[in-house]
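Structure below is data_23.tsv: TSV, C-alpha atoms.
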chain	number	residue	atom	x	y	z
A	1	MET	CA	-27.89	-22.23	-0.18
A	2	SER	CA	-24.92	-24.47	-0.87
A	3	LYS	CA	-22.07	-22.00	-1.46
A	4	THR	CA	-19.88	-20.44	1.21
A	5	VAL	CA	-17.77	-17.27	1.15
A	6	LEU	CA	-14.98	-16.84	3.69
A	7	ILE	CA	-13.74	-13.35	4.54
A	8	THR	CA	-10.60	-13.30	6.64
A	9	ASN	CA	-11.72	-10.62	9.10
A	10	GLN	CA	-14.81	-9.16	10.74
A	11	VAL	CA	-16.75	-6.67	8.61
A	12	PRO	CA	-20.07	-4.80	8.89
A	13	LYS	CA	-22.99	-6.88	7.69
A	14	PHE	CA	-24.20	-4.32	5.14
A	15	VAL	CA	-21.16	-4.97	2.89
A	16	LEU	CA	-22.37	-8.56	2.45
A	17	ALA	CA	-25.38	-7.36	0.44
A	18	PRO	CA	-24.03	-8.31	-3.04
A	19	VAL	CA	-23.96	-12.04	-2.14
A	20	GLU	CA	-27.28	-12.13	-0.29
A	21	GLY	CA	-29.23	-15.10	-1.58
A	22	LEU	CA	-26.17	-16.48	-3.35
A	23	ALA	CA	-24.01	-17.77	-0.51
A	24	GLU	CA	-23.50	-18.00	3.22
A	25	VAL	CA	-20.75	-15.70	4.53
A	26	ARG	CA	-18.28	-16.93	7.13
A	27	MET	CA	-16.18	-14.28	8.88
A	28	GLY	CA	-12.83	-15.02	10.49
A	29	GLY	CA	-10.52	-13.17	12.82
A	30	GLU	CA	-11.34	-11.32	16.02
A	31	GLY	CA	-11.59	-7.58	16.49
A	32	TYR	CA	-9.22	-6.02	13.96
A	33	ARG	CA	-7.13	-9.18	13.60
A	34	ILE	CA	-7.20	-11.23	10.41
A	35	MET	CA	-7.00	-14.98	10.00
A	36	THR	CA	-3.67	-16.70	9.68
A	37	ARG	CA	-2.92	-18.80	6.61
A	38	GLU	CA	-3.24	-21.93	8.76
A	39	GLU	CA	-6.69	-20.86	9.92
A	40	VAL	CA	-7.77	-20.22	6.33
A	41	LEU	CA	-6.57	-23.64	5.19
A	42	ALA	CA	-8.46	-25.27	8.05
A	43	SER	CA	-11.67	-23.25	7.58
A	44	ALA	CA	-12.06	-22.93	3.81
A	45	LYS	CA	-12.23	-26.57	2.64
A	46	ASP	CA	-15.82	-26.13	1.50
A	47	CYS	CA	-15.58	-22.50	0.38
A	48	SER	CA	-16.30	-21.26	-3.14
A	49	ALA	CA	-14.76	-17.85	-2.46
A	50	ILE	CA	-12.23	-16.17	-0.19
A	51	ILE	CA	-12.10	-12.43	0.42
A	52	ASN	CA	-8.90	-11.11	2.01
A	53	GLN	CA	-6.93	-7.89	2.43
A	54	ALA	CA	-4.04	-8.99	0.16
A	55	GLU	CA	-2.40	-10.70	3.12
A	56	LEU	CA	-3.23	-14.26	2.04
A	57	LYS	CA	-0.61	-15.89	-0.19
A	58	VAL	CA	-2.60	-17.71	-2.85
A	59	ASP	CA	-0.18	-20.23	-4.29
A	60	GLU	CA	-0.07	-23.82	-5.55
A	61	GLU	CA	-0.20	-25.22	-2.01
A	62	LEU	CA	-3.34	-23.30	-1.06
A	63	LEU	CA	-5.07	-24.02	-4.36
A	64	GLU	CA	-4.37	-27.74	-4.05
A	65	ALA	CA	-5.75	-27.73	-0.50
A	66	LEU	CA	-8.97	-25.90	-1.42
A	67	PRO	CA	-10.42	-27.68	-4.48
A	68	ASN	CA	-13.86	-26.01	-4.22
A	69	LEU	CA	-12.44	-22.53	-4.64
A	70	ASN	CA	-13.76	-20.44	-7.56
A	71	VAL	CA	-12.55	-16.93	-6.72
A	72	VAL	CA	-10.17	-15.04	-4.43
A	73	ALA	CA	-10.96	-11.34	-4.06
A	74	ASN	CA	-8.45	-8.85	-2.65
A	75	ILE	CA	-9.74	-5.82	-0.76
A	76	SER	CA	-6.68	-4.01	-2.05
A	77	VAL	CA	-5.11	-2.46	-5.11
A	78	GLY	CA	-2.10	-4.72	-4.61
A	79	THR	CA	-1.97	-8.20	-6.11
A	80	ASP	CA	1.49	-9.51	-5.20
A	81	ASN	CA	-0.09	-12.14	-2.92
A	82	LEU	CA	-1.76	-13.82	-5.91
A	83	ASP	CA	-0.04	-16.39	-8.15
A	84	LEU	CA	-2.13	-15.57	-11.20
A	85	ASP	CA	-0.68	-18.34	-13.37
A	86	ALA	CA	-1.45	-20.99	-10.75
A	87	MET	CA	-4.92	-19.57	-10.17
A	88	THR	CA	-5.68	-19.67	-13.88
A	89	ARG	CA	-4.51	-23.28	-14.12
A	90	HIS	CA	-6.79	-24.22	-11.21
A	91	GLY	CA	-9.77	-22.38	-12.71
A	92	VAL	CA	-9.86	-19.77	-9.93
A	93	TRP	CA	-10.69	-16.12	-10.62
A	94	ALA	CA	-8.52	-13.40	-9.07
A	95	THR	CA	-9.84	-9.89	-8.43
A	96	ASN	CA	-8.80	-6.71	-6.67
A	97	ALA	CA	-10.33	-3.34	-5.72
A	98	PRO	CA	-8.41	-0.92	-7.96
A	99	ASN	CA	-10.29	2.32	-7.33
A	100	SER	CA	-11.20	2.23	-3.64
A	101	PHE	CA	-7.92	3.40	-2.09
A	102	ARG	CA	-6.33	5.86	-4.53
A	103	GLN	CA	-7.59	9.07	-2.92
A	104	PRO	CA	-6.79	8.09	0.70
A	105	VAL	CA	-3.25	7.04	-0.24
A	106	ALA	CA	-2.64	10.30	-2.10
A	107	GLU	CA	-4.03	12.33	0.83
A	108	TYR	CA	-1.85	10.45	3.30
A	109	VAL	CA	1.30	11.02	1.25
A	110	ILE	CA	0.61	14.74	0.91
A	111	GLY	CA	-0.03	14.97	4.66
A	112	ALA	CA	3.22	13.11	5.38
A	113	LEU	CA	5.26	15.33	3.06
A	114	ILE	CA	3.89	18.42	4.78
A	115	MET	CA	4.62	16.98	8.24
A	116	LEU	CA	8.19	16.05	7.35
A	117	SER	CA	8.95	19.14	5.30
A	118	ARG	CA	7.63	21.51	7.98
A	119	ARG	CA	9.31	19.46	10.76
A	120	MET	CA	6.02	18.86	12.55
A	121	ILE	CA	7.23	15.67	14.25
A	122	GLU	CA	10.20	17.53	15.77
A	123	ASN	CA	8.03	20.53	16.70
A	124	ASP	CA	5.51	18.33	18.48
A	125	ALA	CA	8.23	16.44	20.38
A	126	PHE	CA	9.88	19.72	21.44
A	127	VAL	CA	6.69	21.17	22.89
A	128	ARG	CA	5.74	17.90	24.62
A	129	SER	CA	9.20	17.72	26.21
A	130	GLY	CA	8.54	20.90	28.20
A	131	ARG	CA	11.70	22.55	26.86
A	132	TRP	CA	9.92	25.35	25.00
A	133	ASP	CA	10.52	28.51	27.02
A	134	ALA	CA	10.70	31.29	24.42
A	135	PHE	CA	9.58	32.26	20.93
A	136	GLU	CA	12.59	31.62	18.65
A	137	PRO	CA	11.85	32.66	15.06
A	138	GLY	CA	13.70	30.51	12.53
A	139	ARG	CA	14.79	27.70	14.84
A	140	TRP	CA	12.18	25.22	13.64
A	141	ASP	CA	11.61	26.43	10.09
A	142	GLY	CA	11.25	23.82	7.37
A	143	PHE	CA	10.34	24.01	3.70
A	144	GLY	CA	6.99	24.70	2.07
A	145	LEU	CA	5.91	22.41	-0.76
A	146	HIS	CA	5.05	25.23	-3.19
A	147	GLY	CA	7.59	25.49	-5.99
A	148	ARG	CA	9.38	22.27	-5.13
A	149	THR	CA	9.56	19.10	-7.25
A	150	LEU	CA	7.80	15.82	-6.50
A	151	GLY	CA	9.01	12.70	-8.28
A	152	ILE	CA	6.44	9.93	-8.55
A	153	ILE	CA	7.58	6.39	-9.38
A	154	GLY	CA	4.57	4.46	-10.66
A	155	TYR	CA	2.07	6.64	-12.50
A	156	GLY	CA	-1.09	4.58	-12.18
A	157	ARG	CA	-4.35	5.57	-10.49
A	158	ILE	CA	-2.70	6.51	-7.19
A	159	GLY	CA	0.25	8.26	-8.82
A	160	ARG	CA	-2.01	10.38	-11.03
A	161	THR	CA	-4.25	11.31	-8.11
A	162	LEU	CA	-1.21	12.31	-6.06
A	163	ALA	CA	0.03	14.43	-8.97
A	164	THR	CA	-3.30	16.31	-9.03
A	165	TYR	CA	-3.11	17.05	-5.30
A	166	ALA	CA	0.54	18.10	-5.51
A	167	GLY	CA	-0.18	20.37	-8.47
A	168	ALA	CA	-2.90	22.11	-6.47
A	169	LEU	CA	-0.23	22.97	-3.89
A	170	GLY	CA	1.99	24.52	-6.55
A	171	MET	CA	4.46	21.65	-6.84
A	172	THR	CA	6.20	20.59	-10.04
A	173	VAL	CA	5.51	16.91	-10.70
A	174	ILE	CA	7.71	14.52	-12.69
A	175	SER	CA	7.00	10.82	-13.03
A	176	HIS	CA	8.52	7.51	-14.00
A	177	ASP	CA	6.76	4.27	-14.93
A	178	GLN	CA	8.00	0.72	-15.44
A	179	GLY	CA	9.54	0.18	-18.85
A	180	HIS	CA	10.85	3.72	-19.21
A	181	GLY	CA	14.45	2.74	-18.50
A	182	VAL	CA	16.96	3.25	-15.75
A	183	ASP	CA	18.27	6.52	-17.24
A	184	LYS	CA	14.91	8.24	-16.79
A	185	LEU	CA	14.62	6.91	-13.24
A	186	HIS	CA	18.02	8.28	-12.28
A	187	GLU	CA	17.21	11.62	-13.92
A	188	LEU	CA	14.06	11.81	-11.78
A	189	LEU	CA	16.05	11.01	-8.64
A	190	ARG	CA	18.53	13.79	-9.36
A	191	GLU	CA	15.80	16.40	-9.98
A	192	SER	CA	13.27	15.64	-7.23
A	193	ASP	CA	13.01	17.24	-3.80
A	194	TYR	CA	10.46	14.62	-2.77
A	195	LEU	CA	9.96	11.06	-3.96
A	196	SER	CA	6.81	8.96	-3.66
A	197	VAL	CA	6.79	5.29	-4.67
A	198	HIS	CA	3.64	3.62	-6.08
A	199	VAL	CA	4.63	0.44	-7.93
A	200	PRO	CA	3.52	-3.16	-7.28
A	201	LEU	CA	6.00	-5.61	-5.81
A	202	LEU	CA	7.23	-7.73	-8.73
A	203	GLU	CA	10.55	-9.41	-9.42
A	204	GLU	CA	11.57	-6.42	-11.53
A	205	THR	CA	10.59	-3.88	-8.83
A	206	ARG	CA	12.07	-5.65	-5.80
A	207	GLY	CA	14.87	-3.42	-4.50
A	208	LEU	CA	14.05	-0.81	-7.15
A	209	ILE	CA	15.26	1.92	-4.81
A	210	GLY	CA	18.59	0.59	-3.56
A	211	PRO	CA	22.09	1.89	-2.72
A	212	ALA	CA	22.78	3.18	-6.25
A	213	GLU	CA	19.48	5.04	-6.37
A	214	PHE	CA	20.04	6.67	-2.97
A	215	GLN	CA	23.43	7.85	-4.24
A	216	GLU	CA	21.73	9.50	-7.23
A	217	MET	CA	19.21	11.39	-5.08
A	218	LYS	CA	19.43	15.09	-4.47
A	219	PRO	CA	20.79	15.69	-0.93
A	220	GLY	CA	18.02	16.45	1.53
A	221	MET	CA	15.29	14.56	-0.34
A	222	ILE	CA	12.20	13.32	1.51
A	223	LEU	CA	10.95	9.84	0.59
A	224	ALA	CA	7.45	8.38	0.93
A	225	ASN	CA	6.86	4.66	0.45
A	226	ALA	CA	3.20	3.63	0.32
A	227	SER	CA	3.63	0.75	-2.14
A	228	ARG	CA	5.33	-2.38	-0.76
A	229	GLY	CA	8.26	-2.72	1.61
A	230	GLY	CA	10.35	-4.82	-0.77
A	231	VAL	CA	10.43	-2.06	-3.38
A	232	VAL	CA	12.77	0.05	-1.21
A	233	ASP	CA	15.99	-1.44	0.22
A	234	GLU	CA	15.43	-0.87	3.95
A	235	VAL	CA	19.12	-1.03	4.91
A	236	ALA	CA	20.09	1.48	2.22
A	237	MET	CA	17.22	3.77	3.26
A	238	ILE	CA	18.31	3.71	6.91
A	239	GLN	CA	21.88	4.53	5.90
A	240	ALA	CA	20.64	7.44	3.77
A	241	LEU	CA	18.59	8.77	6.70
A	242	GLN	CA	21.51	8.46	9.10
A	243	SER	CA	23.92	10.20	6.72
A	244	GLY	CA	21.55	13.07	5.95
A	245	LYS	CA	21.24	12.10	2.28
A	246	LEU	CA	17.55	11.74	3.09
A	247	ALA	CA	16.13	14.57	5.17
A	248	GLY	CA	13.17	12.40	6.14
A	249	ALA	CA	10.94	9.51	5.18
A	250	MET	CA	7.37	8.34	5.52
A	251	VAL	CA	7.26	4.55	5.64
A	252	ASP	CA	3.88	2.78	5.66
A	253	VAL	CA	5.10	-0.61	4.40
A	254	PHE	CA	8.07	-2.70	5.47
A	255	GLU	CA	10.30	-5.35	3.97
A	256	HIS	CA	9.42	-7.99	6.60
A	257	GLU	CA	6.10	-6.61	7.75
A	258	PRO	CA	5.10	-6.27	10.57
A	259	VAL	CA	8.74	-6.32	11.72
A	260	VAL	CA	10.15	-2.78	11.82
A	261	PRO	CA	13.92	-2.43	12.39
A	262	GLU	CA	14.67	-0.92	15.80
A	263	VAL	CA	17.04	1.64	14.30
A	264	LEU	CA	14.27	2.87	11.97
A	265	ARG	CA	11.94	3.29	14.96
A	266	SER	CA	14.58	5.36	16.74
A	267	LEU	CA	15.17	7.93	13.98
A	268	PRO	CA	13.54	11.33	14.67
A	269	ASN	CA	13.11	12.27	10.99
A	270	VAL	CA	10.87	9.34	10.09
A	271	LEU	CA	7.08	9.06	10.10
A	272	LEU	CA	6.05	5.41	10.54
A	273	SER	CA	2.59	3.92	10.09
A	274	PRO	CA	1.22	0.34	10.19
A	275	HIS	CA	0.22	-0.15	6.52
A	276	VAL	CA	-2.74	2.23	6.77
A	277	CYS	CA	-2.22	4.81	4.00
A	278	GLY	CA	-5.30	3.64	2.11
A	279	GLY	CA	-7.44	3.13	5.17
A	280	THR	CA	-10.37	5.44	5.74
A	281	ILE	CA	-13.86	4.47	6.84
A	282	GLN	CA	-15.11	5.26	3.33
A	283	SER	CA	-12.35	3.41	1.45
A	284	ARG	CA	-12.71	0.26	3.56
A	285	GLU	CA	-16.44	0.28	2.89
A	286	GLN	CA	-15.94	0.77	-0.85
A	287	GLY	CA	-13.21	-1.88	-1.05
A	288	ARG	CA	-15.28	-4.47	0.77
A	289	LEU	CA	-18.34	-3.83	-1.36
A	290	CYS	CA	-16.16	-4.09	-4.46
A	291	ALA	CA	-14.79	-7.48	-3.32
A	292	PHE	CA	-18.26	-8.85	-2.58
A	293	ARG	CA	-19.50	-7.64	-5.99
A	294	ASN	CA	-16.63	-9.45	-7.66
A	295	VAL	CA	-17.47	-12.62	-5.75
A	296	ALA	CA	-21.18	-12.30	-6.53
A	297	ALA	CA	-20.44	-12.12	-10.25
A	298	VAL	CA	-18.40	-15.34	-10.15
A	299	LEU	CA	-21.07	-17.13	-8.09
A	300	LYS	CA	-23.59	-16.18	-10.79
A	301	GLY	CA	-21.31	-17.55	-13.52
A	302	GLU	CA	-20.26	-14.12	-14.79
A	303	CYS	CA	-16.90	-12.44	-15.34
A	304	PRO	CA	-16.13	-10.32	-12.26
A	305	PRO	CA	-15.84	-6.54	-12.83
A	306	ASN	CA	-12.23	-6.39	-11.61
A	307	ALA	CA	-10.85	-9.65	-13.01
A	308	LEU	CA	-7.09	-10.06	-13.01
A	309	ASN	CA	-7.06	-13.35	-14.97
A	310	ARG	CA	-9.23	-15.46	-17.28
A	311	PRO	CA	-9.48	-19.04	-15.93

Would you kindly transcribe this structure into structure tokens?
Amino acid sequence: MSKTVLITNQVPKFVLAPVEGLAEVRMGGEGYRIMTREEVLASAKDCSAIINQAELKVDEELLEALPNLNVVANISVGTDNLDLDAMTRHGVWATNAPNSFRQPVAEYVIGALIMLSRRMIENDAFVRSGRWDAFEPGRWDGFGLHGRTLGIIGYGRIGRTLATYAGALGMTVISHDQGHGVDKLHELLRESDYLSVHVPLLEETRGLIGPAEFQEMKPGMILANASRGGVVDEVAMIQALQSGKLAGAMVDVFEHEPVVPEVLRSLPNVLLSPHVCGGTIQSREQGRLCAFRNVAAVLKGECPPNALNRP
């Protein structure tokens, strides 16, 4: 067996099944930690394939350093870590796992909107503080989701799944996709009570929700960002939270991840999470199996099921 597959973290052995008999698998990282770029460059000289969580920047430098590489598979919907043009020039396949995480992300967003809208974070903190000494009807009331409007920016697999869940709760859903123009985006911002962002990080989407967009929003909106940190201007978002323009926010991704601004961590109307919206036991399993199936196809000389390019 002459081929080697590197995966940048530790995974259960059963997900390696698609490449059994095709290649040796080398796992990196320790515990839940993933390999650094430097560790990958040092460890993957002889590798035909790399499987990562969309954390590894695959650019000209890496491709030049790893001449044996045939495929890089993301265990992720996102692909902004992959320079597809450079990969195609170097004859390297790029793949992702487009279906594995859509339901968990949609569930997480719905859960976050309920928590923020019903003021669950504040309620929990109040009870834990020991200050609750009487039943006070109305003091902690928030809003129900039924009858309110959810704006979804990015109407792909995740956006459509979220729309289905929101509709089941009696919400009105409006959406905006890339290419539909700034007028439609600003109309959505003015009409929505909640906003959920699900676009990839591209040059045209970087800073998509910035100062002008926050000005257009309906006062008291709740924002959920489960896409990429660079899509939402963090400074403008913090200012909107501090001014009350935003009533709350769920932030799972950050502009300079894993750095989270101290002021954002201090705000009581924000639900923060460490890039885990798509992470369930089932989705991780499905995503890993998907990545290994993509790699197995390339090792057998076939087009991978979830190809992003054609080298």

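Shortest separation to A:Glu302 among A:Ala212, A:Val253, A:Ile121, A:Val71 occurs at residue A:Val71, atoms counted being all atoms listed in the file.
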
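When only C-alpha atoms are used to compute distances to A:Tyr194, the closest of the residues A:Ala97, A:Val259, A:Met27, A:Ile152 turns out to be A:Ile152.
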
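Once stretch 125-129 of chain A and its same-chain neighbours fewer than 6 positions away are set aside, Arg119, Phe135, Arg139, Trp140, Pro268 and Asn269 of chain A remain within 12 Å of it when counting only C-alpha atoms.
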
Practice problem: Extract, using all atoms listed in the file, all DNA, RNA and protein residues at most 10 Å from A:Glu285, discarding same-chain residues fewer than 2 positions from it, and format them as a ChimeraX atom specification. | Solution: /A:11-12,14-15,75,100,279-283,287-290

Quiz prompt | Top pick for closest residue to A:Met115, considering A:Leu189, A:Ile153, A:Leu69, A:Leu145 and counting only C-alpha atoms | solution = A:Leu145

Please provide the set of residues having any atom within 8 Å of A:Ala106, restricted to all atoms listed in the file, with same-chain residues fewer than 3 positions apart removed, written as a PDB file with C-alpha atoms, keeping the file's coordinate frame.
ATOM      1  CA  ARG A 102      -6.330   5.860  -4.530  1.00  0.00           C
ATOM      2  CA  GLN A 103      -7.590   9.070  -2.920  1.00  0.00           C
ATOM      3  CA  VAL A 109       1.300  11.020   1.250  1.00  0.00           C
ATOM      4  CA  ILE A 110       0.610  14.740   0.910  1.00  0.00           C
ATOM      5  CA  ILE A 158      -2.700   6.510  -7.190  1.00  0.00           C
ATOM      6  CA  GLY A 159       0.250   8.260  -8.820  1.00  0.00           C
ATOM      7  CA  THR A 161      -4.250  11.310  -8.110  1.00  0.00           C
ATOM      8  CA  LEU A 162      -1.210  12.310  -6.060  1.00  0.00           C
ATOM      9  CA  TYR A 165      -3.110  17.050  -5.300  1.00  0.00           C
TER      10      TYR A 165
END

Self-check item: Straight-line distance linking atom CA of A:Val19 with atom CA of A:Arg293, stated in Å to one decimal
Solution: 7.4 Å

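For A:Leu208, the list of residues within 10 Å, based on all atoms listed in the file and with local chain neighbours fewer than 5 positions off taken out, reads Ile153, Val182, Leu185, Val197, Val199, Leu201, Leu202, Glu203, Glu213, Gly230, Val231, Val232 and Asp233 of chain A.
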
Practice problem: Go through A:Arg228, A:His176, A:His198, A:Lys3 one by one, measure the shortest atom-to-atom distance of each to A:Asp46 using only C-alpha atoms, and give the residue with the smallest value. | Solution: A:Lys3

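The space between atom CA of A:Met35 and atom CA of A:Asn309 spans 25.0 Å.
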
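Atom CA of A:Leu116 is positioned 13.8 Å from atom CA of A:Gly244.
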
Exercise. Starting from the point (19.4, -3.5, 3.9), work out which residues of protein, DNA or RNA have an atom no more than 10 Å away when counting only C-alpha atoms; state them as an MDAnalysis selection string.
Key: chainID A and resid 207 210:211 232:239 255

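Each of A:Ala296, A:Met87, A:Ala249, A:Ala163 was compared to A:Thr4 using only C-alpha atoms, and A:Ala296 turns out to be the nearest.
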
Practice problem: Give me the residues within 10 Å of A:Leu66 as a PyMOL selection string, counting all atoms listed in the file and dropping any in the same chain fewer than 6 places off. | Solution: chain A and resi 40-49

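Distances here use only C-alpha atoms; by that measure, the residue among A:Phe214, A:Val263, A:Ala112, A:Gly147 closest to A:Met250 is A:Ala112.
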
Practice problem: Compute the distance from (-5.1, -23.2, -8.5) to each atom, counting all atoms listed in the file, keep the residues with any atom at most 6 Å away, and return them as a PyMOL selection string; use the coordinates of the file. | Solution: chain A and resi 60+63+86-87+89-90
